[in-house]
Amino acid sequence: MASTDNVSPRRRMLERCPPGYGTRYIALSSLADALSERYSEEGAINDLNEAITMYRAALELRPVENDKHERFKSLTELAICLGNRYKKLEAVDDLEEAITLGRGGLELCPSGHPERSDCLDNLAVDLRERFTIKAAICDLDEAIELNRAALELRPPGHPDRLSSLNELGLCLSLRYDENAVHGDLEEAITLGRAALELCPPGHPDREVYLYNLACNLRRRFSKQAAICDLEEAIELNRAALELRPSGHPDRSLSLHELARCLSHRYDKNEVSDDLEEAVTLGRAALELCLQGDSNRGLYLYNLARHLRKRFVEKAAIGDLEEAIELHRAALELRPPGHPDRPSSLGHLACCLSDRHNENGVADDLEEAITLGRAALELHPPEHPDRGVYLDNLACDLRRRFSERAAICDLEEAIELNRAALELCPPGHPDRPASLHELACCLSHRYDKNGVSDDLEEAITLGRAALELCLQGDSKRGLYLYDLARHLRKRFAEKAAICDLEEAIELHRAALELRPPGHSLRPSSLGRLACCLSDRHDKNGVVDDLEEAITLGRGALELCLPGHSKRGSYLYDLACRLRKKFAEKAAICDLEEAIELQRAALELRPPGHSLRPSSLAHLACCLSDRYDENGVADDLEEAITLERETLELHPPGNSDRGVSLYNLAFDLRVRFVKNAAIRDLEEAIELNRAALELRPSGHPDRSASLHELARCLSHRYDKNAVHDDLEEAITLGRAALELCLPGHPDRGLYLYDLAFHLSRRFAKKAAICDLEEAIEMHRAALKLRPSEHPDRLLSLCELAFCLSNRHSNRRVADDLEETITFGRAALDLCPPGHPDHDTADLDEAIALDQEALQLLAPGDPRYDISRQRLMAHLQMKIGAQGAIPSSNALPISQFDVKQIIRNVAFEVLKGMPTRLLHTHTGTLCDRDAQLSHFMGSQQCDQLLSSCATCDPAQRMKLIHAEISRYFRFVMLSHRWGENEPSLRDIGGRSIYVMPTNGGLGKLQSFCAVSCERNYLWAWSDTCCINKDSSAELQEAIGSMFAWYRRSALTIVYLSDVTDTDSFRCSEWFRRGWTLQELLAPRSILFYTQSWSLYKNLTSSNHKADVAVLEELEKVTGIESRFLTNFSPSMDDVRSGLQWASFRRTTRPEDVAYSLFGIFDIHLPILYGESGENALGRLLAEIISRSGDISVLDWVGEASWFHSCFPVQLTPYQALPLPLPVQSNAEDYTSIMREQPAVSAALRTLYRTLAKSPLPRFVAHRLALPCIAHRVTAIQLKESSACTPSYSYEIQASGLKLLEVTLPRQLESAAMLPGALQLVRPWHSKLLEPYTKECARTEERLLHTLGRPFRALLLIELPHNEFRRIVSSIPIAAQPIDSASIVESNVRVFDIV
């Protein structure tokens, strides 16, 4: 090379100029020039070092006074070489010396000197380099001034003008980054454009100027958010990237910068493709940026930011995990003192905070807070980004407060937020976010301390944030949502309905901004539902409650199993359904509420902060169901749950008072049922403890006073201790004083206090007590109008008190004020009437008569009311004659008619809501059905019979006749075209409608039912309002029971002619018809022409042996199940097998059609996938029965859970017993000869017996198993035509076995210990332990020694496992008795 050729002769020239020679300095400079030139070409650092040595020697021979020009040249050249060595080795001393020499050279280069511009340019470059390491703004300012001076000396046309434009632009851009002076950035962009114009396509440096201008445009976009700047920057970066192909040293810079711009555009437009490309480019840049590269930390940092954004969008935890690793790597490259260390600390903290939100690992949040504090310390008060780090640390502290409730975290968060807000004055882009976050913290502090000022400030700040967050802003939905939450809290405190109304409007607005598919839509649905539920509680508008339930269901559907908020949505929906039950008394609402609360409780295991709430509300629902149905198990479970709740509310807990009160309430109820005085004593103690926690002013004090009074009154009845009654009256008065007019419980408090007073009157005969009791009963009666459930009690007690007063006074002036009950008997007794002195007695008689009309014989209260009426009548008649005995007491026709009505209504409750009247062809609801009966001849005959029959047989007669009248027929069929709906036939007779399509089938069905002397008929096409999700849910849940209770089920086989057999019909292959076959006790099959199948005239085809045999062959169901099937989970596998051959139109109906067969009650969620519905069904079966036979299948696994199949087809074959392989061991001799084996087997027996039942919670199956770790695995063969892979597996304790899989195992599965072969276990597999220990242990050896079907599991992170499905069942068998004794019993969490 030419430079190499120059070095050698110049060395020889230097040799000819020894020290002292006059021209030696020329030879030194000449050799230095050649070495510097060769370094520029070849990059050999030795050349550069030697050149610097030569220049130093030459400089010593050129003192300033001899030759200024030559000294200037040496200073300049030496400065350039030192600058180059700094760039190579980053030795700061080289840079410092270069700057010193550059200044010296500039002094020797006055204005007008031809090389002054170069000298200015070189010194400016070195000053800029020093600024980048020391951040002294004076260096940058000086560099800018020098660059301006150089630019003036390089006018348009000057060959170096391009370089000066670029260098000055670069310095201005750096100063903008430091001081944020907008003018610097604008000038840098202007200079960049000018430089690019001087650098046309083809210019070797064009890619540099494209890149620099793009960087500055991106900076201006970050400041002004003008999308045109970003679009231009992206185009320039793409052009620069084309000029930097693979292998170009600056390609990584262009990849990285383009990725940043695309990431910014994603932030602006939310186009996922931009973010995907940014991630791809960021990875490519990082691959080109090797270890040791100064830019590697920046590339790691920005790629991590792109990945975090993708996590926020797609919630793929892998992205977040990678982002954290990248940030950690970047942080290692940014040690203490590095200018970008605060950014790495801050963004790593954000990622850890996100992972905490996703996984709930406390260590992540702790580390995030630690890093946030470190980042904040590196951002002094004057730092422009301090506000961001204050905000982030405050957010993490608020999160930690939410978990740990340490008020110091919240206080610090508030202080940090206030400091951040001060750094965001009006007009600052981050001011809305700071206002919003501070509002959230103050709202939390209000929740903690109850200081109203905090809530008021939170609302004020929330409004201010919302005003600054304009339409279209991505955060507007969040601000609307949180302000609505603050307003709801204020409503809860102050009961100002305007706050609640505004909250509802804000939540509706937020919901509009969170359309279907939005990740936060479930939250908005849930919160809006809460507000509507509150408004219902306030105003009593049923529509609000209905909408709240609908929204709650919507939120729950979007919150799939595994979602962190699912427990809350289950809980809230259950609470609203309980409210609806309280209003409408529909038991289906309460049943669903209980199921939802149970599901919520499973998601809130011991230790969960919200478990006490779920326990308490489930207990309340069970208590309500006990009140409704009187099932003692419900009350017992409620008390058990309330005890657990109380344990979780220790002294000092704000909810302890409620827990004490609820438990005391149900203990009192149990005392009333069982008369166990210990329950009452405990209830009194609990009520006293609750009362201490509810001092004067507490909103629930009146409830505690009242409940304690009731308990003391009961104890008085039991023990006759007068002090108890006195205290009950005192407490009752105190409760009533706190229960002002308008309070919903005032009627109850009046009634109970009056009851206590009447008891004291009976004891002490103080007429004032009786007078007060009467007044209170009158007041209570006014608050209990007609249809009020407790009106009966008020009537009875007031009658009793009036009777007592009449007995005591019997004087004319005892007349009370005119009684306004509206009874004709009392209207005949105005003041002055001759019988005026018996007014109280007459009123008592009238009240007793009304009470009897409201009761049915058989009710214990009926007998009490009748006895009182008899006593009052005897008093009134006096000597006129005796009243017949109670057994012979005549009942008026009005009384009997009311009893008949009540019984008919109860009978109808167990029947479908709507039925077709076969005589008229009209559809009738329950009111219409009741009206038909009450106006029928049958009812008239029943009334007549009741008047003459033996009173003891009267109720039996009524029940029999009403049940006979309301016998109904169910239709089972396949849906065809044009099936009539409820809307089609409502209010019309089907007999006058056209006979085409489904209407003709419906008409024939009703006609056949009528011909068979049935008055009522039901069809699923028109007797259900399918527009009502609640009614549809109730109908599906009740379907099996309706078919079971029907007098007859008619099966219409539309595809079977009179000569065909069952095998021709699709009816036997449909899903819903399975329960329609099993449930009815009586069934008739009709063919296409509505003729009886094979003209069999029996009244029940299930009683026909020939039909049963044919049904067995067609369905595969044994006749014992066909004739006497009981819904249960006793034989789950058979039910799944029957259903596996059947299909439904909607995939989810495959599961729904089995709910009745297995006696399962789950929400009906039309729109969910068939896999999800089947998964929920199998999960419920596992949870309730522990039946592990549902795990024995081969095929494709469901996404719902790896242990469940994607459909029912794998259940078509029942598991067959595996062939028993010969075993040479004699178990009997082993037991006799090895006592240690016997002891080990006893231990194993106890372990297996105590193993928990399988349970399914939150998409995880906790499965007890005998585990066998796979120690070796080898692929034997594979098939390409049919994907099949056979593996030979050795597992601990098992004989060598072969497994065939549909997919090849991943490499991680081949590692030792990654796989487990397990034997699912259920304690029922054990035979009962007997006193003959040896015999029991020997049987255990036989049981565990037999072959079994194994599951293959692979271990996942977090100690979870996933099932790997096989193509054929995996048959495994223990090696010998020693391996059985060493069995490893454990519970696997399988996902």
# chains A, B, ... in the order shown; residues from 1 in each chain; ligands from 1

$ residues_around --residues "Gln1137 of chain A" --least-positions-apart "6" --cutoff "10 Å" --atoms "only C-alpha atoms" --output "PyMOL selection string"
chain A and resi 1116-1117+1208-1214

$ select_by_dssp --residues "segment 896-1039 of chain A" --states "alpha helix (DSSP H)" --output "MDAnalysis selection string"
chainID A and resid 896:909 926:934 937:948 954:965 982:985 997:1011 1029:1039

$ atom_distance --atom1 "atom CA of Leu558 of chain A" --atom2 "atom CA of Ser519 of chain A"
9.1 Å

$ closest_residue --among "A:Glu557, A:Asp177, A:Cys1022, A:Thr995" --to "Thr922 of chain A" --atoms "only C-alpha atoms"
A:Cys1022

$ residues_around --residues "segment 1150-1165 of chain A" --least-positions-apart "2" --cutoff "7 Å" --atoms "only C-alpha atoms" --output "ChimeraX atom specification"
/A:1033,1037,1040,1071-1072,1075,1127-1129,1143-1144,1147-1148,1167-1168,1173-1174,1177

$ write_last_selection --atoms "N, CA and C atoms" --output "PDB file, in the first residue's frame"
ATOM      1  N   GLN A1033     -82.427 -19.850  32.192  1.00  0.00           N
ATOM      2  CA  GLN A1033     -81.577 -20.531  33.182  1.00  0.00           C
ATOM      3  C   GLN A1033     -82.438 -21.405  34.092  1.00  0.00           C
ATOM      4  N   GLY A1037     -82.384 -25.506  34.305  1.00  0.00           N
ATOM      5  CA  GLY A1037     -82.092 -26.093  35.608  1.00  0.00           C
ATOM      6  C   GLY A1037     -83.214 -26.965  36.138  1.00  0.00           C
ATOM      7  N   PHE A1040     -85.090 -31.466  34.077  1.00  0.00           N
ATOM      8  CA  PHE A1040     -85.136 -32.864  34.496  1.00  0.00           C
ATOM      9  C   PHE A1040     -86.273 -33.089  35.478  1.00  0.00           C
ATOM     10  N   GLY A1071     -78.529 -34.679  22.003  1.00  0.00           N
ATOM     11  CA  GLY A1071     -78.079 -34.529  23.382  1.00  0.00           C
ATOM     12  C   GLY A1071     -79.192 -34.319  24.384  1.00  0.00           C
ATOM     13  N   TRP A1072     -80.101 -33.402  24.108  1.00  0.00           N
ATOM     14  CA  TRP A1072     -81.132 -33.058  25.094  1.00  0.00           C
ATOM     15  C   TRP A1072     -82.107 -34.212  25.337  1.00  0.00           C
ATOM     16  N   GLN A1075     -81.868 -36.860  28.711  1.00  0.00           N
ATOM     17  CA  GLN A1075     -82.585 -36.681  29.973  1.00  0.00           C
ATOM     18  C   GLN A1075     -84.090 -36.817  29.757  1.00  0.00           C
ATOM     19  N   PRO A1127     -81.082 -38.958  39.340  1.00  0.00           N
ATOM     20  CA  PRO A1127     -79.996 -38.024  38.990  1.00  0.00           C
ATOM     21  C   PRO A1127     -78.968 -37.942  40.115  1.00  0.00           C
ATOM     22  N   SER A1128     -77.716 -38.218  39.802  1.00  0.00           N
ATOM     23  CA  SER A1128     -76.664 -38.172  40.813  1.00  0.00           C
ATOM     24  C   SER A1128     -75.328 -38.315  40.101  1.00  0.00           C
ATOM     25  N   MET A1129     -74.262 -38.336  40.902  1.00  0.00           N
ATOM     26  CA  MET A1129     -72.922 -38.566  40.368  1.00  0.00           C
ATOM     27  C   MET A1129     -72.364 -39.893  40.867  1.00  0.00           C
ATOM     28  N   ARG A1143     -75.261 -35.658  19.923  1.00  0.00           N
ATOM     29  CA  ARG A1143     -74.803 -34.360  19.447  1.00  0.00           C
ATOM     30  C   ARG A1143     -75.870 -33.309  19.724  1.00  0.00           C
ATOM     31  N   THR A1144     -75.428 -32.056  19.780  1.00  0.00           N
ATOM     32  CA  THR A1144     -76.352 -30.930  19.941  1.00  0.00           C
ATOM     33  C   THR A1144     -76.046 -29.883  18.885  1.00  0.00           C
ATOM     34  N   PRO A1147     -72.716 -26.167  20.502  1.00  0.00           N
ATOM     35  CA  PRO A1147     -71.692 -26.993  21.162  1.00  0.00           C
ATOM     36  C   PRO A1147     -71.811 -26.992  22.685  1.00  0.00           C
ATOM     37  N   GLU A1148     -72.174 -25.842  23.257  1.00  0.00           N
ATOM     38  CA  GLU A1148     -72.211 -25.772  24.715  1.00  0.00           C
ATOM     39  C   GLU A1148     -73.347 -26.597  25.317  1.00  0.00           C
ATOM     40  N   GLY A1167     -73.005 -18.730  24.436  1.00  0.00           N
ATOM     41  CA  GLY A1167     -71.959 -17.933  23.805  1.00  0.00           C
ATOM     42  C   GLY A1167     -70.579 -18.429  24.159  1.00  0.00           C
ATOM     43  N   GLU A1168     -70.480 -19.176  25.285  1.00  0.00           N
ATOM     44  CA  GLU A1168     -69.178 -19.768  25.615  1.00  0.00           C
ATOM     45  C   GLU A1168     -68.912 -20.951  24.688  1.00  0.00           C
ATOM     46  N   ALA A1173     -67.741 -25.062  28.335  1.00  0.00           N
ATOM     47  CA  ALA A1173     -68.905 -25.607  29.029  1.00  0.00           C
ATOM     48  C   ALA A1173     -68.626 -27.011  29.547  1.00  0.00           C
ATOM     49  N   LEU A1174     -68.012 -27.845  28.695  1.00  0.00           N
ATOM     50  CA  LEU A1174     -67.675 -29.196  29.130  1.00  0.00           C
ATOM     51  C   LEU A1174     -66.647 -29.165  30.254  1.00  0.00           C
ATOM     52  N   LEU A1177     -68.376 -28.389  33.477  1.00  0.00           N
ATOM     53  CA  LEU A1177     -69.123 -29.564  33.944  1.00  0.00           C
ATOM     54  C   LEU A1177     -68.192 -30.582  34.600  1.00  0.00           C
TER      55      LEU A1177
END

$ residues_around --residues "segment 138-151 of chain A" --least-positions-apart "3" --cutoff "10 Å" --atoms "only C-alpha atoms" --output "PyMOL selection string"
chain A and resi 116-132+134-135+154-156+158+160-172+174-175+178

$ residues_around --residues "segment 658-669 of chain A" --least-positions-apart "4" --cutoff "7 Å" --atoms "only C-alpha atoms" --output "ChimeraX atom specification"
/A:639,642-643,645-646,673,679-680,683,686-687,690,704,711

$ residues_around --residues "Arg251 of chain A" --least-positions-apart "4" --cutoff "12 Å" --atoms "only C-alpha atoms" --output "compact mmCIF listing (two decimals) with C-alpha atoms, in the first residue's frame"
# COMPACT_ATOMS: atom_id res chain seq x y z
CA GLU A 207 -26.68 7.64 5.38
CA VAL A 208 -25.12 9.63 8.27
CA TYR A 211 -29.83 9.17 10.34
CA ASN A 237 -34.50 5.94 8.94
CA ARG A 238 -35.68 3.41 6.37
CA ALA A 239 -33.64 5.24 3.69
CA ALA A 240 -30.57 5.26 5.97
CA LEU A 241 -31.05 1.55 6.71
CA GLU A 242 -31.02 0.75 2.99
CA LEU A 243 -27.64 2.51 2.76
CA ARG A 244 -26.32 0.47 5.71
CA PRO A 245 -26.58 -3.15 4.51
CA SER A 246 -25.52 -6.19 6.46
CA GLY A 247 -21.93 -5.79 7.56
CA LEU A 255 -32.06 -0.60 13.21
CA HIS A 256 -32.26 0.72 16.76
CA GLU A 257 -33.38 4.24 15.79
CA LEU A 258 -36.04 2.97 13.37
CA LEU A 281 -35.68 -4.43 14.60
CA GLY A 282 -34.65 -4.05 18.23
CA ALA A 284 -31.65 -7.36 15.13
CA ALA A 285 -29.86 -4.27 16.46
CA LEU A 286 -28.97 -6.04 19.69
CA GLU A 287 -27.55 -9.04 17.81
CA LEU A 288 -25.18 -6.70 15.94
CA CYS A 289 -24.18 -4.88 19.12

$ select_by_dssp --residues "segment 1271-1362 of chain A" --states "strand (DSSP E)" --output "PyMOL selection string"
chain A and resi 1271-1279+1284-1291+1297-1301+1315-1320+1348-1356+1360-1362

$ write_last_selection --atoms "N, CA, C and O atoms" --output "compact mmCIF listing (two decimals), in the first residue's frame"
# COMPACT_ATOMS: atom_id res chain seq x y z
N THR A 1271 -37.22 -41.78 35.03
CA THR A 1271 -35.77 -41.69 35.15
C THR A 1271 -35.05 -41.84 33.81
O THR A 1271 -33.91 -41.40 33.67
N ALA A 1272 -35.72 -42.45 32.84
CA ALA A 1272 -35.09 -42.60 31.51
C ALA A 1272 -36.19 -42.71 30.48
O ALA A 1272 -37.23 -43.32 30.71
N ILE A 1273 -35.94 -42.10 29.32
CA ILE A 1273 -36.93 -42.14 28.23
C ILE A 1273 -36.18 -42.16 26.91
O ILE A 1273 -35.19 -41.46 26.73
N GLN A 1274 -36.68 -42.98 25.99
CA GLN A 1274 -35.99 -43.13 24.70
C GLN A 1274 -37.03 -43.31 23.60
O GLN A 1274 -37.98 -44.08 23.75
N LEU A 1275 -36.85 -42.55 22.52
CA LEU A 1275 -37.73 -42.67 21.36
C LEU A 1275 -37.41 -43.98 20.62
O LEU A 1275 -36.28 -44.20 20.19
N LYS A 1276 -38.42 -44.85 20.48
CA LYS A 1276 -38.22 -46.13 19.81
C LYS A 1276 -38.50 -46.03 18.32
O LYS A 1276 -37.71 -46.44 17.49
N GLU A 1277 -39.66 -45.47 17.98
CA GLU A 1277 -40.03 -45.36 16.57
C GLU A 1277 -41.05 -44.26 16.40
O GLU A 1277 -41.71 -43.85 17.34
N SER A 1278 -41.15 -43.78 15.15
CA SER A 1278 -42.14 -42.75 14.83
C SER A 1278 -42.72 -43.06 13.46
O SER A 1278 -42.09 -43.72 12.64
N SER A 1279 -43.91 -42.57 13.22
CA SER A 1279 -44.60 -42.81 11.95
C SER A 1279 -44.91 -41.47 11.31
O SER A 1279 -45.49 -40.58 11.96
N SER A 1284 -47.27 -40.42 15.11
CA SER A 1284 -47.25 -41.34 16.24
C SER A 1284 -45.80 -41.53 16.66
O SER A 1284 -44.93 -41.76 15.82
N TYR A 1285 -45.57 -41.41 17.96
CA TYR A 1285 -44.22 -41.52 18.49
C TYR A 1285 -44.25 -42.48 19.68
O TYR A 1285 -44.99 -42.24 20.64
N SER A 1286 -43.47 -43.54 19.58
CA SER A 1286 -43.44 -44.54 20.65
C SER A 1286 -42.17 -44.35 21.48
O SER A 1286 -41.06 -44.25 20.92
N TYR A 1287 -42.35 -44.30 22.78
CA TYR A 1287 -41.23 -44.09 23.70
C TYR A 1287 -41.17 -45.26 24.69
O TYR A 1287 -42.20 -45.76 25.15
N GLU A 1288 -39.96 -45.65 25.00
CA GLU A 1288 -39.73 -46.61 26.06
C GLU A 1288 -39.38 -45.83 27.32
O GLU A 1288 -38.46 -45.01 27.30
N ILE A 1289 -40.12 -46.09 28.38
CA ILE A 1289 -39.99 -45.27 29.59
C ILE A 1289 -39.64 -46.15 30.77
O ILE A 1289 -40.24 -47.22 30.98
N GLN A 1290 -38.68 -45.68 31.54
CA GLN A 1290 -38.37 -46.29 32.82
C GLN A 1290 -38.72 -45.29 33.91
O GLN A 1290 -38.25 -44.15 33.89
N ALA A 1291 -39.59 -45.69 34.83
CA ALA A 1291 -40.00 -44.81 35.92
C ALA A 1291 -39.73 -45.52 37.24
O ALA A 1291 -39.80 -46.76 37.33
N LEU A 1297 -42.04 -49.76 30.48
CA LEU A 1297 -43.29 -49.69 29.73
C LEU A 1297 -43.10 -48.85 28.48
O LEU A 1297 -42.11 -48.13 28.33
N GLU A 1298 -44.08 -48.96 27.59
CA GLU A 1298 -44.04 -48.23 26.33
C GLU A 1298 -45.24 -47.30 26.25
O GLU A 1298 -46.36 -47.69 26.61
N VAL A 1299 -44.99 -46.07 25.78
CA VAL A 1299 -46.03 -45.05 25.67
C VAL A 1299 -46.06 -44.55 24.24
O VAL A 1299 -45.00 -44.28 23.64
N THR A 1300 -47.26 -44.44 23.68
CA THR A 1300 -47.43 -43.92 22.32
C THR A 1300 -48.10 -42.56 22.40
O THR A 1300 -49.19 -42.43 22.97
N LEU A 1301 -47.45 -41.55 21.81
CA LEU A 1301 -47.93 -40.18 21.87
C LEU A 1301 -48.23 -39.67 20.48
O LEU A 1301 -47.57 -40.06 19.50
N LEU A 1315 -40.51 -35.52 33.78
CA LEU A 1315 -41.80 -36.21 33.62
C LEU A 1315 -42.13 -37.04 34.86
O LEU A 1315 -41.23 -37.49 35.59
N GLN A 1316 -43.43 -37.22 35.07
CA GLN A 1316 -43.92 -38.09 36.15
C GLN A 1316 -45.00 -38.99 35.57
O GLN A 1316 -45.87 -38.54 34.82
N LEU A 1317 -44.93 -40.28 35.91
CA LEU A 1317 -46.05 -41.19 35.64
C LEU A 1317 -46.81 -41.33 36.96
O LEU A 1317 -46.21 -41.66 37.99
N VAL A 1318 -48.10 -41.05 36.94
CA VAL A 1318 -48.84 -41.02 38.20
C VAL A 1318 -50.06 -41.93 38.12
O VAL A 1318 -50.64 -42.14 37.05
N ARG A 1319 -50.43 -42.45 39.29
CA ARG A 1319 -51.65 -43.24 39.44
C ARG A 1319 -52.63 -42.38 40.23
O ARG A 1319 -52.48 -42.17 41.43
N PRO A 1320 -53.65 -41.80 39.57
CA PRO A 1320 -54.63 -41.00 40.30
C PRO A 1320 -55.26 -41.81 41.42
O PRO A 1320 -55.52 -43.01 41.27
N PHE A 1348 -52.31 -50.70 36.33
CA PHE A 1348 -53.22 -49.55 36.41
C PHE A 1348 -52.99 -48.63 35.21
O PHE A 1348 -51.96 -48.72 34.52
N ARG A 1349 -53.99 -47.77 34.97
CA ARG A 1349 -53.86 -46.78 33.89
C ARG A 1349 -53.19 -45.53 34.47
O ARG A 1349 -53.72 -44.92 35.40
N ALA A 1350 -52.08 -45.15 33.89
CA ALA A 1350 -51.29 -44.04 34.41
C ALA A 1350 -51.51 -42.79 33.56
O ALA A 1350 -51.91 -42.86 32.39
N LEU A 1351 -51.25 -41.66 34.18
CA LEU A 1351 -51.22 -40.37 33.47
C LEU A 1351 -49.77 -39.93 33.37
O LEU A 1351 -48.98 -40.10 34.31
N LEU A 1352 -49.42 -39.33 32.24
CA LEU A 1352 -48.08 -38.80 32.04
C LEU A 1352 -48.12 -37.29 32.24
O LEU A 1352 -48.87 -36.59 31.55
N LEU A 1353 -47.34 -36.78 33.19
CA LEU A 1353 -47.32 -35.36 33.52
C LEU A 1353 -45.94 -34.78 33.25
O LEU A 1353 -44.92 -35.45 33.44
N ILE A 1354 -45.91 -33.52 32.83
CA ILE A 1354 -44.65 -32.78 32.67
C ILE A 1354 -44.66 -31.61 33.62
O ILE A 1354 -45.69 -30.93 33.79
N GLU A 1355 -43.55 -31.36 34.26
CA GLU A 1355 -43.46 -30.28 35.26
C GLU A 1355 -43.30 -28.94 34.55
O GLU A 1355 -42.54 -28.80 33.59
N LEU A 1356 -44.01 -27.94 35.08
CA LEU A 1356 -43.96 -26.57 34.58
C LEU A 1356 -43.38 -25.68 35.67
O LEU A 1356 -43.19 -26.12 36.81
N GLU A 1360 -46.16 -26.48 39.03
CA GLU A 1360 -47.37 -26.93 38.35
C GLU A 1360 -47.02 -28.02 37.34
O GLU A 1360 -45.87 -28.14 36.91
N PHE A 1361 -48.05 -28.78 36.95
CA PHE A 1361 -47.85 -29.86 36.00
C PHE A 1361 -48.92 -29.80 34.92
O PHE A 1361 -50.01 -29.25 35.15
N ARG A 1362 -48.60 -30.35 33.78
CA ARG A 1362 -49.55 -30.45 32.67
C ARG A 1362 -49.57 -31.89 32.18
O ARG A 1362 -48.53 -32.54 32.09

$ residues_around --residues "segment 1009-1014 of chain A" --least-positions-apart "5" --cutoff "7 Å" --atoms "only C-alpha atoms" --output "list of chain:residue names"
A:Thr918, A:His919, A:Arg967, A:Phe968, A:Val969

$ write_last_selection --atoms "N, CA, C and O atoms" --output "PDB file, in the first residue's frame"
ATOM      1  N   THR A 918    -105.104 -27.723  26.997  1.00  0.00           N
ATOM      2  CA  THR A 918    -105.397 -28.575  25.833  1.00  0.00           C
ATOM      3  C   THR A 918    -106.827 -28.426  25.332  1.00  0.00           C
ATOM      4  O   THR A 918    -107.100 -28.738  24.169  1.00  0.00           O
ATOM      5  N   HIS A 919    -107.745 -27.961  26.180  1.00  0.00           N
ATOM      6  CA  HIS A 919    -109.132 -27.787  25.714  1.00  0.00           C
ATOM      7  C   HIS A 919    -109.255 -26.579  24.810  1.00  0.00           C
ATOM      8  O   HIS A 919    -109.969 -26.619  23.796  1.00  0.00           O
ATOM      9  N   ARG A 967    -102.331 -32.432  36.411  1.00  0.00           N
ATOM     10  CA  ARG A 967    -101.453 -33.368  35.732  1.00  0.00           C
ATOM     11  C   ARG A 967    -101.099 -32.802  34.356  1.00  0.00           C
ATOM     12  O   ARG A 967    -101.972 -32.268  33.656  1.00  0.00           O
ATOM     13  N   PHE A 968     -99.828 -32.909  33.972  1.00  0.00           N
ATOM     14  CA  PHE A 968     -99.427 -32.306  32.693  1.00  0.00           C
ATOM     15  C   PHE A 968     -98.586 -33.290  31.892  1.00  0.00           C
ATOM     16  O   PHE A 968     -97.989 -34.228  32.431  1.00  0.00           O
ATOM     17  N   VAL A 969     -98.564 -33.064  30.579  1.00  0.00           N
ATOM     18  CA  VAL A 969     -97.840 -33.911  29.625  1.00  0.00           C
ATOM     19  C   VAL A 969     -96.683 -33.096  29.051  1.00  0.00           C
ATOM     20  O   VAL A 969     -96.845 -31.923  28.716  1.00  0.00           O
TER      21      VAL A 969
END

$ atom_distance --atom1 "atom CA of Val721 of chain A" --atom2 "atom CA of Ala766 of chain A"
17.9 Å

$ closest_residue --among "A:Ile137, A:Val361, A:Ile1182, A:Leu300" --to "His347 of chain A" --atoms "only C-alpha atoms"
A:Leu300
